[in-house]
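Listing of final22.txt; format and content: compact mmCIF, C-alpha atoms.
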# COMPACT_ATOMS: atom_id res chain seq x y z
CA MET A 60 4.23 15.58 -36.15
CA LYS A 61 0.68 14.49 -36.80
CA THR A 62 0.99 12.00 -33.98
CA PHE A 63 2.16 14.73 -31.63
CA TYR A 64 -0.82 16.96 -32.42
CA CYS A 65 -3.21 14.04 -31.96
CA HIS A 66 -1.74 13.19 -28.60
CA ALA A 67 -0.91 16.64 -27.29
CA PRO A 68 -4.35 17.44 -25.80
CA ARG A 69 -4.45 13.98 -24.26
CA ALA A 70 -0.97 14.38 -22.85
CA LEU A 71 -1.93 17.76 -21.39
CA ALA A 72 -5.04 16.26 -19.85
CA LEU A 73 -2.97 13.49 -18.30
CA LEU A 74 -0.45 16.00 -17.00
CA ALA A 75 -3.29 17.98 -15.44
CA LEU A 76 -4.70 14.81 -13.92
CA PHE A 77 -1.27 13.90 -12.56
CA ALA A 78 -0.84 17.37 -11.09
CA LEU A 79 -4.27 17.17 -9.49
CA SER A 80 -3.62 13.73 -8.07
CA SER A 81 -0.24 14.87 -6.75
CA CYS A 82 -1.76 17.90 -5.08
CA ALA A 83 -4.62 15.94 -3.63
CA GLY A 84 -2.19 13.51 -2.03
CA ARG A 85 -4.94 11.38 -0.57
CA GLY A 86 -7.76 9.57 -2.29
CA ILE A 87 -7.77 8.63 -5.92
CA THR A 88 -10.30 8.27 -8.66
CA PRO A 89 -10.58 4.81 -10.17
CA ALA A 90 -11.79 5.34 -13.71
CA GLY A 91 -14.70 4.25 -15.85
CA ASP A 92 -18.23 3.00 -15.42
CA LEU A 93 -17.03 -0.08 -13.57
CA ALA A 94 -15.75 2.07 -10.73
CA ALA A 95 -19.17 3.34 -9.74
CA GLU A 96 -20.63 -0.15 -10.00
CA ALA A 97 -17.87 -1.64 -7.88
CA GLU A 98 -18.17 0.66 -4.90
CA GLY A 99 -20.00 -0.90 -2.00
CA VAL A 100 -19.97 -4.11 -0.02
CA TRP A 101 -19.58 -7.53 -1.61
CA HIS A 102 -19.84 -10.99 -0.15
CA VAL A 103 -17.13 -13.08 -1.79
CA GLU A 104 -17.36 -16.84 -1.88
CA GLY A 105 -15.24 -19.47 -3.60
CA ASP A 106 -12.42 -21.96 -3.17
CA GLY A 107 -13.92 -22.91 0.17
CA ARG A 108 -13.57 -19.36 1.47
CA LYS A 109 -16.06 -16.70 2.44
CA PHE A 110 -15.36 -13.10 3.28
CA ASP A 111 -16.67 -9.63 2.63
CA LEU A 112 -14.98 -6.99 0.54
CA VAL A 113 -15.74 -3.35 1.23
CA ILE A 114 -14.84 -1.22 -1.79
CA PHE A 115 -14.56 2.43 -0.81
CA PRO A 116 -14.85 5.27 -3.33
CA GLY A 117 -11.30 6.62 -2.95
CA GLY A 118 -9.47 3.59 -4.37
CA GLN A 119 -9.17 1.76 -1.06
CA CYS A 120 -10.78 -1.48 0.04
CA VAL A 121 -10.85 -3.77 3.04
CA GLY A 122 -11.43 -7.51 3.18
CA THR A 123 -12.83 -9.13 6.30
CA SER A 124 -10.74 -12.23 5.68
CA ARG A 125 -9.16 -13.40 8.92
CA GLN A 126 -6.66 -15.59 7.10
CA GLY A 127 -4.24 -12.75 6.46
CA PRO A 128 -1.43 -11.81 8.81
CA ARG A 129 -3.60 -9.31 10.69
CA ARG A 130 -6.43 -11.74 11.44
CA VAL A 131 -9.41 -9.80 12.83
CA GLU A 132 -7.93 -6.55 11.59
CA GLY A 133 -8.66 -7.77 8.05
CA LEU A 134 -6.82 -6.98 4.86
CA ARG A 135 -6.28 -3.52 3.47
CA GLY A 136 -5.99 -3.03 -0.24
CA PHE A 137 -6.04 -0.65 -3.17
CA TRP A 138 -8.24 -1.14 -6.20
CA ARG A 139 -8.03 0.10 -9.76
CA THR A 140 -10.16 -0.33 -12.85
CA GLY A 141 -9.45 -1.50 -16.36
CA ALA A 142 -11.90 -1.53 -19.23
CA GLN A 143 -13.39 -4.86 -18.18
CA GLU A 144 -11.91 -5.68 -14.82
CA ILE A 145 -11.30 -4.39 -11.35
CA THR A 146 -7.97 -5.31 -9.80
CA VAL A 147 -7.42 -5.34 -6.06
CA ILE A 148 -3.99 -5.66 -4.48
CA PHE A 149 -3.98 -6.40 -0.78
CA GLU A 150 -1.34 -5.34 1.68
CA GLU A 151 0.31 -8.74 1.85
CA GLY A 152 0.70 -8.94 -1.91
CA SER A 153 -2.24 -11.09 -2.89
CA SER A 154 -4.55 -9.91 -5.61
CA LEU A 155 -8.12 -10.36 -6.77
CA VAL A 156 -9.39 -9.62 -10.26
CA ILE A 157 -13.12 -8.94 -10.46
CA ARG A 158 -15.23 -8.97 -13.58
CA ARG A 159 -18.88 -8.62 -14.46
CA ARG A 160 -20.38 -11.50 -16.37
CA GLY A 161 -23.92 -10.51 -17.31
CA GLU A 162 -25.74 -10.15 -14.03
CA LEU A 163 -23.08 -12.07 -12.19
CA TRP A 164 -19.90 -10.72 -10.64
CA VAL A 165 -17.01 -13.15 -10.52
CA ALA A 166 -13.40 -13.02 -9.43
CA ARG A 167 -10.17 -14.94 -9.66
CA GLN A 168 -6.80 -14.76 -8.00
CA PRO A 169 -4.00 -14.26 -10.51
CA ALA A 170 -1.42 -17.01 -10.35
CA LEU A 171 2.19 -16.17 -9.64
CA ASP A 172 3.25 -18.00 -12.79
CA GLY A 173 0.70 -16.10 -14.85
CA ARG A 174 -1.29 -19.15 -15.90
CA PRO A 175 -4.96 -18.34 -16.47
CA GLN A 176 -7.06 -19.12 -13.41
CA LYS A 177 -10.70 -20.05 -13.25
CA TRP A 178 -13.22 -17.43 -12.22
CA ASN A 179 -13.97 -19.43 -9.13
CA TYR A 180 -15.17 -16.69 -6.82
CA THR A 181 -18.64 -15.20 -6.94
CA LEU A 182 -19.47 -11.78 -5.57
CA THR A 183 -22.88 -10.90 -4.20
CA PRO A 184 -23.72 -7.30 -3.38
CA VAL A 185 -24.72 -6.63 0.21
CA THR A 186 -27.30 -3.94 0.69
CA ALA A 187 -28.20 -1.49 3.45
CA PRO A 188 -28.64 -1.47 6.34
CA ASP A 189 -26.03 -4.22 6.91
CA ALA A 190 -23.75 -2.76 4.23
CA ASP A 191 -23.32 0.41 6.28
CA PHE A 192 -21.52 -1.54 8.97
CA ILE A 193 -19.86 -4.53 7.34
CA GLY A 194 -16.10 -4.43 7.44
CA VAL A 195 -13.40 -3.79 9.99
CA TRP A 196 -13.75 -1.24 12.77
CA ARG A 197 -11.01 0.19 14.92
CA LEU A 198 -12.31 0.97 18.37
CA ASN A 199 -10.72 2.08 21.64
CA PRO A 200 -7.13 1.46 22.68
CA GLU A 201 -6.73 -1.33 25.20
CA PRO A 202 -4.57 -1.02 28.35
CA ASP A 203 -1.56 -2.31 26.38
CA ALA A 204 -2.08 0.64 23.96
CA ALA A 205 -3.02 -1.66 21.08
CA PHE A 206 -6.30 -0.73 19.46
CA LEU A 207 -9.27 -3.05 19.67
CA TYR A 208 -10.59 -4.14 16.28
CA VAL A 209 -13.90 -5.76 15.45
CA ASN A 210 -14.81 -7.37 12.20
CA LEU A 211 -18.49 -7.42 11.16
CA GLU A 212 -19.28 -9.97 8.46
CA SER A 213 -22.35 -10.45 6.35
CA GLY A 214 -24.49 -13.23 7.78
CA GLY A 215 -24.35 -11.73 11.25
CA VAL A 216 -21.03 -13.07 12.54
CA CYS A 217 -18.55 -10.72 14.23
CA HIS A 218 -15.07 -11.18 15.65
CA SER A 219 -13.09 -9.14 18.12
CA SER A 220 -9.32 -8.86 18.38
CA LEU A 221 -9.76 -9.31 22.14
CA ASN A 222 -10.84 -12.89 21.66
CA PRO A 223 -10.55 -13.80 17.97
CA THR A 224 -11.54 -17.44 18.36
CA ARG A 225 -14.91 -16.73 19.99
CA PRO A 226 -17.19 -15.04 17.46
CA GLY A 227 -20.23 -13.03 18.38
CA ARG A 228 -23.41 -12.15 16.53
CA TRP A 229 -24.38 -8.76 15.21
CA SER A 230 -27.38 -7.14 13.63
CA VAL A 231 -28.67 -3.70 12.82
CA VAL A 232 -31.02 -2.48 15.52
CA GLY A 233 -32.46 0.99 15.34
CA GLY A 234 -29.93 2.09 12.75
CA ALA A 235 -26.95 0.93 14.84
CA ALA A 236 -24.84 -2.23 14.71
CA ARG A 237 -25.35 -4.24 17.89
CA CYS A 238 -22.67 -6.88 18.56
CA VAL A 239 -23.41 -9.46 21.23
CA TRP A 240 -20.30 -11.27 22.46
CA PRO A 241 -20.16 -14.73 24.04
CA ASP A 242 -19.22 -13.26 27.44
CA GLY A 243 -22.42 -11.20 27.47
CA TRP A 244 -20.86 -7.83 26.64
CA ILE A 245 -22.59 -5.81 23.95
CA ASP A 246 -20.95 -3.25 21.67
CA VAL A 247 -23.10 -0.79 19.79
CA ILE A 248 -21.66 1.10 16.83
CA SER A 249 -23.76 4.05 15.76
CA ARG A 250 -23.44 7.04 13.50
CA THR A 251 -22.97 10.49 15.00
CA ASP A 252 -22.71 13.94 13.46
CA ARG A 253 -18.93 13.56 13.26
CA GLY A 254 -18.55 9.91 12.29
CA TYR A 255 -19.20 6.79 14.35
CA ARG A 256 -18.93 5.89 18.00
CA LYS A 257 -18.92 2.66 19.97
CA GLU A 258 -20.65 2.13 23.27
CA SER A 259 -20.00 -0.95 25.40
CA LEU A 260 -22.65 -2.39 27.66
CA PRO A 261 -21.65 -4.88 30.38
CA PRO A 262 -23.38 -8.26 30.68
CA GLY A 263 -26.92 -7.92 31.90
CA GLY A 264 -26.85 -4.18 31.51
CA ASP A 265 -29.29 -2.02 29.66
CA SER A 266 -28.76 0.83 27.27
CA GLN A 267 -28.47 3.27 30.21
CA ASN A 268 -25.52 1.40 31.66
CA ILE A 269 -22.70 2.30 29.29
CA ALA A 270 -19.31 1.07 30.46
CA ASP A 271 -17.26 2.98 27.92
CA THR A 272 -17.56 5.01 24.76
CA SER A 273 -15.01 5.49 22.03
CA ILE A 274 -14.63 6.70 18.50
CA ALA A 275 -15.26 3.94 15.96
CA LEU A 276 -13.30 4.14 12.71
CA HIS A 277 -14.58 2.24 9.68
CA VAL A 278 -11.22 1.03 8.38
CA GLY A 279 -10.74 2.08 4.77
CA ALA A 280 -13.16 5.00 4.76
CA ASP A 281 -10.27 7.38 5.35
CA ALA A 282 -6.84 7.26 3.73
CA PHE A 283 -4.53 4.58 5.05
CA GLU A 284 -1.46 5.85 6.78
CA PHE A 285 1.88 4.16 6.22
CA LEU A 286 4.60 4.04 8.86
CA PRO A 287 7.33 4.94 8.38
CA MET B 148 -6.11 -19.82 1.12
CA TRP B 149 -4.64 -16.49 0.08
CA ASP B 150 -1.89 -16.75 -2.44
CA TRP B 151 0.50 -14.77 -0.21
CA ARG B 152 1.44 -18.08 1.31
CA LEU B 153 1.90 -19.54 -2.13
CA GLN B 154 3.92 -16.50 -3.17
CA ALA B 155 6.09 -16.75 -0.09
CA ALA B 156 6.68 -20.43 -0.74
CA VAL B 157 7.55 -19.85 -4.38
CA TRP B 158 9.85 -16.94 -3.57
CA ALA B 159 11.54 -18.99 -0.88
CA PHE B 160 11.91 -21.86 -3.34
CA GLY B 161 13.22 -19.56 -6.03
CA LEU B 162 15.70 -17.87 -3.75
CA ALA B 163 16.84 -21.17 -2.33
CA PHE B 164 17.37 -22.73 -5.73
CA GLY B 165 18.58 -19.64 -7.55
CA ALA B 166 15.82 -19.30 -10.13
CA SER B 167 17.04 -16.71 -12.60
CA SER B 168 13.77 -14.81 -12.78
CA LEU B 169 13.60 -14.22 -9.06
CA HIS B 170 15.70 -11.59 -7.35
CA ALA B 171 16.70 -10.77 -3.83
CA PHE B 172 14.54 -8.21 -2.10
CA PRO B 173 14.22 -5.38 -2.38
CA GLU B 174 14.00 -5.60 -6.14
CA ILE B 175 14.67 -2.10 -7.43
CA TYR B 176 13.58 -0.76 -10.80
CA ALA B 177 14.46 2.61 -12.26
CA CYS B 178 11.47 3.96 -14.17
CA ASN B 179 11.63 6.66 -16.84
CA PRO B 180 15.44 6.72 -16.64
CA GLY B 181 17.02 9.80 -18.15
CA GLN B 182 13.80 11.79 -17.93
CA PRO B 183 12.71 14.57 -15.58
CA ASP B 184 10.19 12.32 -13.88
CA ALA B 185 12.65 9.48 -13.25
CA PHE B 186 12.02 7.53 -10.07
CA ASP B 187 12.62 4.10 -8.57
CA ILE B 188 10.34 1.37 -7.31
CA LEU B 189 11.58 -0.80 -4.46
CA LEU B 190 9.64 -4.04 -4.10
CA PHE B 191 9.96 -5.57 -0.66
CA SER B 192 9.02 -9.11 0.24
CA GLY B 193 5.55 -9.45 1.70
CA GLY B 194 3.70 -7.24 -0.76
CA LYS B 195 4.75 -3.73 0.16
CA ALA B 196 6.68 -1.28 -1.97
CA VAL B 197 8.36 2.09 -1.67
CA THR B 198 8.88 4.54 -4.51
CA THR B 199 11.22 7.50 -4.82
CA ARG B 200 8.51 9.42 -6.65
CA SER B 201 8.02 12.82 -5.02
CA THR B 202 4.43 13.83 -4.45
CA GLY B 203 2.39 15.93 -2.09
CA ASN B 204 3.65 17.98 0.81
CA GLU B 205 6.52 15.68 1.73
CA PRO B 206 8.51 15.14 -1.47
CA ALA B 207 11.39 13.44 0.34
CA ARG B 208 9.02 10.86 1.82
CA GLY B 209 8.49 9.19 -1.56
CA GLY B 210 5.54 6.85 -2.04
CA ARG B 211 4.17 3.74 -0.36
CA ALA B 212 2.41 0.98 -2.27
CA PHE B 213 1.17 -2.58 -2.46
CA TRP B 214 2.43 -4.80 -5.26
CA ASN B 215 1.56 -8.09 -6.90
CA ARG B 216 3.24 -10.19 -9.56
CA SER B 217 1.50 -12.54 -11.95
CA GLY B 218 3.46 -14.10 -14.77
CA ASN B 219 5.54 -11.50 -16.55
CA ARG B 220 3.69 -8.55 -15.08
CA THR B 221 4.15 -6.71 -11.81
CA MET B 222 1.60 -4.14 -10.72
CA VAL B 223 2.25 -1.52 -8.07
CA PHE B 224 -0.70 0.41 -6.62
CA SER B 225 0.46 3.50 -4.77
CA ALA B 226 -1.30 5.04 -1.82
CA ASN B 227 -1.48 8.48 -3.36
CA GLY B 228 -2.91 7.45 -6.70
CA PRO B 229 -0.37 6.38 -9.31
CA THR B 230 -0.37 2.87 -10.72
CA ASP B 231 2.84 1.41 -12.09
CA VAL B 232 3.02 -1.62 -14.34
CA LEU B 233 6.27 -3.40 -15.13
CA ASP B 234 6.51 -6.10 -17.78
CA PHE B 235 9.33 -8.63 -17.82
CA ASN B 236 10.75 -11.01 -20.41
CA ARG B 237 11.17 -14.73 -19.82
CA ASP B 238 14.56 -14.18 -18.26
CA GLY B 239 13.06 -11.93 -15.63
CA ASP B 240 14.49 -8.73 -17.08
CA PRO B 241 12.23 -5.66 -17.09
CA ILE B 242 11.31 -4.66 -20.62
CA ARG B 243 8.50 -2.13 -20.32
CA TYR B 244 7.23 0.40 -17.80
CA ARG B 245 3.84 2.05 -17.90
CA GLY B 246 2.60 4.63 -15.43
CA PHE B 247 -1.04 5.53 -14.90
CA VAL B 248 -2.41 8.43 -12.95
CA SER B 249 -5.56 8.63 -10.89
CA GLY B 250 -8.58 8.51 -13.19
CA GLN B 251 -6.97 6.39 -15.90
CA LEU B 252 -7.94 2.85 -16.80
CA ILE B 253 -4.94 0.68 -15.97
CA ASP B 254 -5.17 -1.34 -19.16
CA GLU B 255 -5.54 1.51 -21.60
CA GLN B 256 -2.90 2.09 -24.20
CA ILE B 257 -0.56 4.80 -23.12
CA ILE B 258 1.41 7.18 -25.24
CA ARG B 259 4.83 6.63 -23.88
CA PRO B 260 5.84 3.32 -22.34
CA THR B 261 9.48 3.44 -21.30
CA ASP B 262 12.29 0.98 -20.74
CA PRO B 263 12.80 0.33 -17.05
CA LYS B 264 16.13 -0.76 -15.68
CA GLN B 265 16.80 -3.07 -12.79
CA ILE B 266 19.15 -1.59 -10.21
CA ASN B 267 21.66 -4.08 -8.87
CA GLY B 268 24.91 -4.20 -6.97
CA ARG B 269 26.13 -1.38 -4.76
CA LEU B 270 23.73 1.11 -6.30
CA ALA B 271 20.89 -1.03 -4.99
CA LEU B 272 22.29 -0.89 -1.47
CA PHE B 273 21.66 2.84 -1.19
CA THR B 274 18.80 3.69 -3.55
CA GLY B 275 15.57 4.39 -1.70
CA ILE B 276 14.18 6.40 1.18
CA TRP B 277 16.22 6.72 4.36
CA ILE B 278 15.43 8.13 7.73
CA PHE B 279 18.14 10.45 9.04
CA PRO B 280 18.17 11.39 12.72
CA LYS B 281 17.83 15.12 13.23
CA ALA B 282 18.00 17.12 16.43
CA GLY B 283 14.59 18.39 17.42
CA VAL B 284 12.73 16.15 14.99
CA PRO B 285 11.34 13.04 16.71
CA GLY B 286 11.67 10.08 14.39
CA GLY B 287 14.12 11.91 12.12
CA VAL B 288 13.71 13.22 8.59
CA TYR B 289 13.32 11.46 5.26
CA ALA B 290 16.16 11.46 2.75
CA LEU B 291 15.37 10.26 -0.75
CA LEU B 292 18.12 8.85 -2.94
CA ARG B 293 17.22 8.07 -6.54
CA SER B 294 19.33 5.71 -8.57
CA ASN B 295 20.08 8.53 -11.03
CA GLY B 296 21.98 10.47 -8.35
CA GLU B 297 19.24 12.86 -7.32
CA ALA B 298 18.88 13.37 -3.60
CA LEU B 299 16.37 15.21 -1.46
CA MET B 300 16.24 15.63 2.28
CA ALA B 301 13.17 16.85 4.13
CA PRO B 302 11.92 19.49 4.27
CA GLY B 303 13.38 20.50 0.91
CA LEU B 304 17.15 20.27 0.77
CA ALA B 305 18.28 19.04 -2.64
CA GLY B 306 21.57 17.36 -3.37
CA ARG B 307 23.40 14.74 -5.39
CA TRP B 308 24.80 11.41 -4.38
CA THR B 309 27.37 9.09 -5.88
CA LEU B 310 28.96 5.79 -5.05
CA VAL B 311 32.42 6.10 -3.55
CA ALA B 312 34.88 3.48 -2.39
CA ASP B 313 33.46 3.13 1.09
CA GLY B 314 29.79 3.82 0.50
CA ALA B 315 27.50 6.52 -0.85
CA ARG B 316 28.45 10.20 -0.65
CA CYS B 317 25.66 12.79 -0.57
CA GLU B 318 26.51 16.43 -1.16
CA TRP B 319 23.76 18.80 -0.12
CA ARG B 320 23.07 22.31 -1.37
CA ASP B 321 23.76 23.76 2.08
CA GLY B 322 27.32 22.47 1.84
CA SER B 323 26.93 19.57 4.22
CA VAL B 324 28.10 16.11 3.28
CA ASP B 325 26.83 12.68 4.30
CA LEU B 326 28.63 9.41 3.79
CA LEU B 327 26.49 6.30 4.07
CA VAL B 328 28.58 3.27 4.92
CA ARG B 329 27.48 -0.34 5.12
CA THR B 330 28.65 -1.84 8.39
CA ARG B 331 28.15 -5.25 9.97
CA SER B 332 25.15 -3.99 11.87
CA GLY B 333 23.54 -2.08 9.02
CA VAL B 334 24.21 1.33 7.55
CA GLU B 335 25.93 4.19 9.29
CA ARG B 336 25.55 7.83 8.34
CA ARG B 337 28.62 10.00 8.80
CA THR B 338 27.91 13.69 8.61
CA TRP B 339 30.17 16.66 7.95
CA THR B 340 28.63 20.09 8.25
CA SER B 341 30.72 21.40 5.37
CA ALA B 342 32.60 19.90 2.46
CA ALA B 343 35.78 21.60 3.70
CA SER B 344 35.79 19.47 6.81
CA ALA B 345 35.08 16.24 4.99
CA GLY B 346 38.66 15.00 5.34
CA ARG B 347 38.42 15.05 9.13
CA ASP B 348 36.47 12.88 11.52
CA PRO B 349 32.76 13.23 10.94
CA ASP B 350 30.82 15.69 13.07
CA GLN B 351 28.22 13.04 13.71
CA ARG B 352 27.75 9.28 13.26
CA SER B 353 24.40 7.58 13.47
CA PRO B 354 22.87 4.27 12.43
CA ILE B 355 20.15 4.66 9.81
CA ARG B 356 17.57 2.40 8.20
CA ARG B 357 16.08 2.31 4.74
CA VAL B 358 12.30 2.63 4.69
CA GLY B 359 10.75 -0.75 3.97
CA GLU B 360 13.63 -2.86 5.31
CA ASP B 361 11.77 -3.34 8.58
CA GLY B 362 8.35 -3.59 6.96
CA LEU B 363 5.71 -0.94 6.63
CA ARG B 364 2.78 -0.59 8.97
CA VAL B 365 -0.55 0.32 7.47
CA LEU B 366 -2.91 2.20 9.77
CA PRO B 367 -5.57 2.06 11.02

So that I can check it, write out the structure of this file as structure tokens.
Amino acid sequence: MKTFYCHAPRALALLALFALSSCAGRGITPAGDLAAEAEGVWHVEGDGRKFDLVIFPGGQCVGTSRQGPRRVEGLRGFWRTGAQEITVIFEEGSSLVIRRRGELWVARQPALDGRPQKWNYTLTPVTAPDADFIGVWRLNPEPDAAFLYVNLESGGVCHSSLNPTRPGRWSVVGGAARCVWPDGWIDVISRTDRGYRKESLPPGGDSQNIADTSIALHVGADAFEFLP
Amino acid sequence: MWDWRLQAAVWAFGLAFGASSLHAFPEIYACNPGQPDAFDILLFSGGKAVTTRSTGNEPARGGRAFWNRSGNRTMVFSANGPTDVLDFNRDGDPIRYRGFVSGQLIDEQIIRPTDPKQINGRLALFTGIWIFPKAGVPGGVYALLRSNGEALMAPGLAGRWTLVADGARCEWRDGSVDLLVRTRSGVERRTWTSAASAGRDPDQRSPIRRVGEDGLRVLP
């Protein structure tokens, strides 16, 4: 009986939380102090790999790794917090466990057999203005109806799903991300009152010569949709 | 290299050589059995999962999730907030289920861990979320079948289902009956508009698919 009374308020609080999360439907609240510290853009390096991890506030994240099945489209994931660790599960089933070690942030990939793994990834925070644009962007639909994706990485490299093997360079110019592609085309992603837009400039053109404009979606900022 | 390739290789190895702790996909686990919030988790190969937990505005749609297994622990992170953790013994049998809601630390001690149950055999063939064709509804409607016999068809038609000799029989509150039958090409849904006509030829036959069998697309 004593146990029940001790736990009853907690159980009610959890029920209320569950009801709230059920009603909300989209977006979750990872718990604890770690959650606030984790949100943002991280450059991840280790095991001979480099990629960026964008941790969004609503429990979603996106990795710019092009080694997953979706290549330039990156890797979508969900993240949760424990007392000491952040756990990410990506869409193809891989996982990353992140932990703070003093001033350092480190990560490891849990092994399938459960054996302890070394903390062989280091995470470095990426700051504004680059951090505002790093990640995966979904742009306009192409003639075959598939959306064009671009992937902006820290260090100034970008990739396009139109030509994944030929990277471009990007930088923040005047508060917008300017991607220069090897064929001379330039894409500019900029913030608007209602989100982001992309403008494409043909080779040799200037900023007055816009070939097309489309909505630009920062993948992960809004709730992922699952089909079916 | 991401460990999805390693996982795929190990699963393939396990399935090929019959490792006892590895199961055919989807692996299905009944969580909180016997309780009002009972639901199932269906783990599909490739990291995606479906749950028969009803949330939000589309209760028959169930949940969608990503999952990962490390050692004796499987974690399932759902799109709409819940986190499910299943622990297994050395034989690969599930021994503990813990559910966490949005805002909880996923390693905190919880009040009420429960015993999950793996769903096997014919029950596993039908448990899950199905898409039923429906006139006037492009893409069809969701039908949720929990392993405990609860059924729900969108937008809010409740029912019960049981295993019968030739498949799974769903009886809906509006009096209609569905029989799901495994065929060579998949699963067929045979529909009778009333239980009284259930002895006759079905009013409608249609092929159906279980959500997750053909993968799940994540957008954008």

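If you measure from each of B:Arg356, B:Lys195, B:Arg364, B:Arg293 to Phe149 of chain A using all atoms listed in the file, the closest one turns out to be B:Lys195.
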
Problem set entry | Option closest in space to Ala205 of chain A, from A:Trp178, A:Asp189, A:Glu132, A:Asp172 [counting only C-alpha atoms] |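 Among the listed residues, A:Glu132 lies closest to Ala205 of chain A.
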
Problem set entry | Polymer residues at most 6 Å from segment 211-220 of chain B, all atoms listed in the file, same-chain spacing of 6 or more positions, as a list in words | Glu150, Gly152, Pro169, Ala170, Leu171, Asp172 and Gly173 of chain A; Gly194, Lys195, Ala196, Val197, Ala226, Leu233, Asp234 and Phe235 of chain B

Problem set entry | Length of the atom CA of Pro349 of chain B to atom CA of Glu297 of chain B vector [Å] | 22.7 Å

For this session: Write out as a ChimeraX atom specification each polymer residue whose atoms come within 6 Å of Phe186 of chain B, counting all atoms listed in the file; drop sequence neighbours fewer than 2 positions from it.
Result: /B:177-178,199-200

For this session: Work out how far atom CA of Glu151 of chain A is from atom CA of Arg329 of chain B, in Å to one decimal.
Result: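 The value is 28.6 Å.
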
For this session: Considering only C-alpha atoms, return as a list in words whatever protein or nucleic-acid residues lie within 9 Å of Gly359 of chain B, sequence-local ones (same chain, fewer than 2 positions apart) excluded.
Result: Pro287 of chain A; Pro173, Leu189, Leu190, Phe191, Lys195, Ala196, Val197, Ile276, Arg356, Arg357, Asp361, Gly362 and Leu363 of chain B

Step by step: locate segment 217-261 of chain B in the block above, keep C-alpha atoms, then write the file as a compact mmCIF listing (two decimals), in the first residue's frame.
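So part_26.txt came out as:
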# COMPACT_ATOMS: atom_id res chain seq x y z
CA SER B 217 22.45 -4.68 -29.29
CA GLY B 218 23.14 -7.78 -27.25
CA ASN B 219 20.08 -8.78 -25.28
CA ARG B 220 18.32 -5.47 -25.71
CA THR B 221 16.11 -4.17 -28.51
CA MET B 222 15.07 -0.55 -28.55
CA VAL B 223 12.18 0.80 -30.60
CA PHE B 224 11.85 4.56 -31.07
CA SER B 225 8.39 5.48 -32.32
CA ALA B 226 7.61 8.44 -34.52
CA ASN B 227 4.95 9.80 -32.22
CA GLY B 228 6.96 9.69 -29.02
CA PRO B 229 6.91 6.38 -27.16
CA THR B 230 10.08 4.39 -26.61
CA ASP B 231 9.87 0.64 -26.15
CA VAL B 232 12.65 -1.48 -24.72
CA LEU B 233 12.62 -5.27 -24.89
CA ASP B 234 15.12 -7.40 -23.00
CA PHE B 235 15.87 -10.98 -23.99
CA ASN B 236 17.50 -13.95 -22.29
CA ARG B 237 20.39 -15.89 -23.77
CA ASP B 238 18.02 -18.11 -25.68
CA GLY B 239 16.54 -15.13 -27.45
CA ASP B 240 13.26 -15.21 -25.55
CA PRO B 241 11.78 -11.88 -24.47
CA ILE B 242 11.82 -11.52 -20.70
CA ARG B 243 11.04 -7.88 -19.96
CA TYR B 244 9.22 -4.99 -21.60
CA ARG B 245 9.53 -1.37 -20.58
CA GLY B 246 7.65 1.50 -22.16
CA PHE B 247 8.66 5.14 -21.88
CA VAL B 248 6.64 8.15 -22.87
CA SER B 249 7.80 11.43 -24.30
CA GLY B 250 9.71 13.36 -21.64
CA GLN B 251 11.04 10.32 -19.79
CA LEU B 252 14.66 9.27 -19.59
CA ILE B 253 14.90 5.93 -21.36
CA ASP B 254 17.13 4.38 -18.73
CA GLU B 255 15.18 5.41 -15.67
CA GLN B 256 13.67 2.78 -13.45
CA ILE B 257 10.04 2.32 -14.24
CA ILE B 258 7.27 1.22 -11.97
CA ARG B 259 5.85 -1.58 -13.94
CA PRO B 260 7.98 -3.59 -16.34
CA THR B 261 5.91 -6.36 -17.89
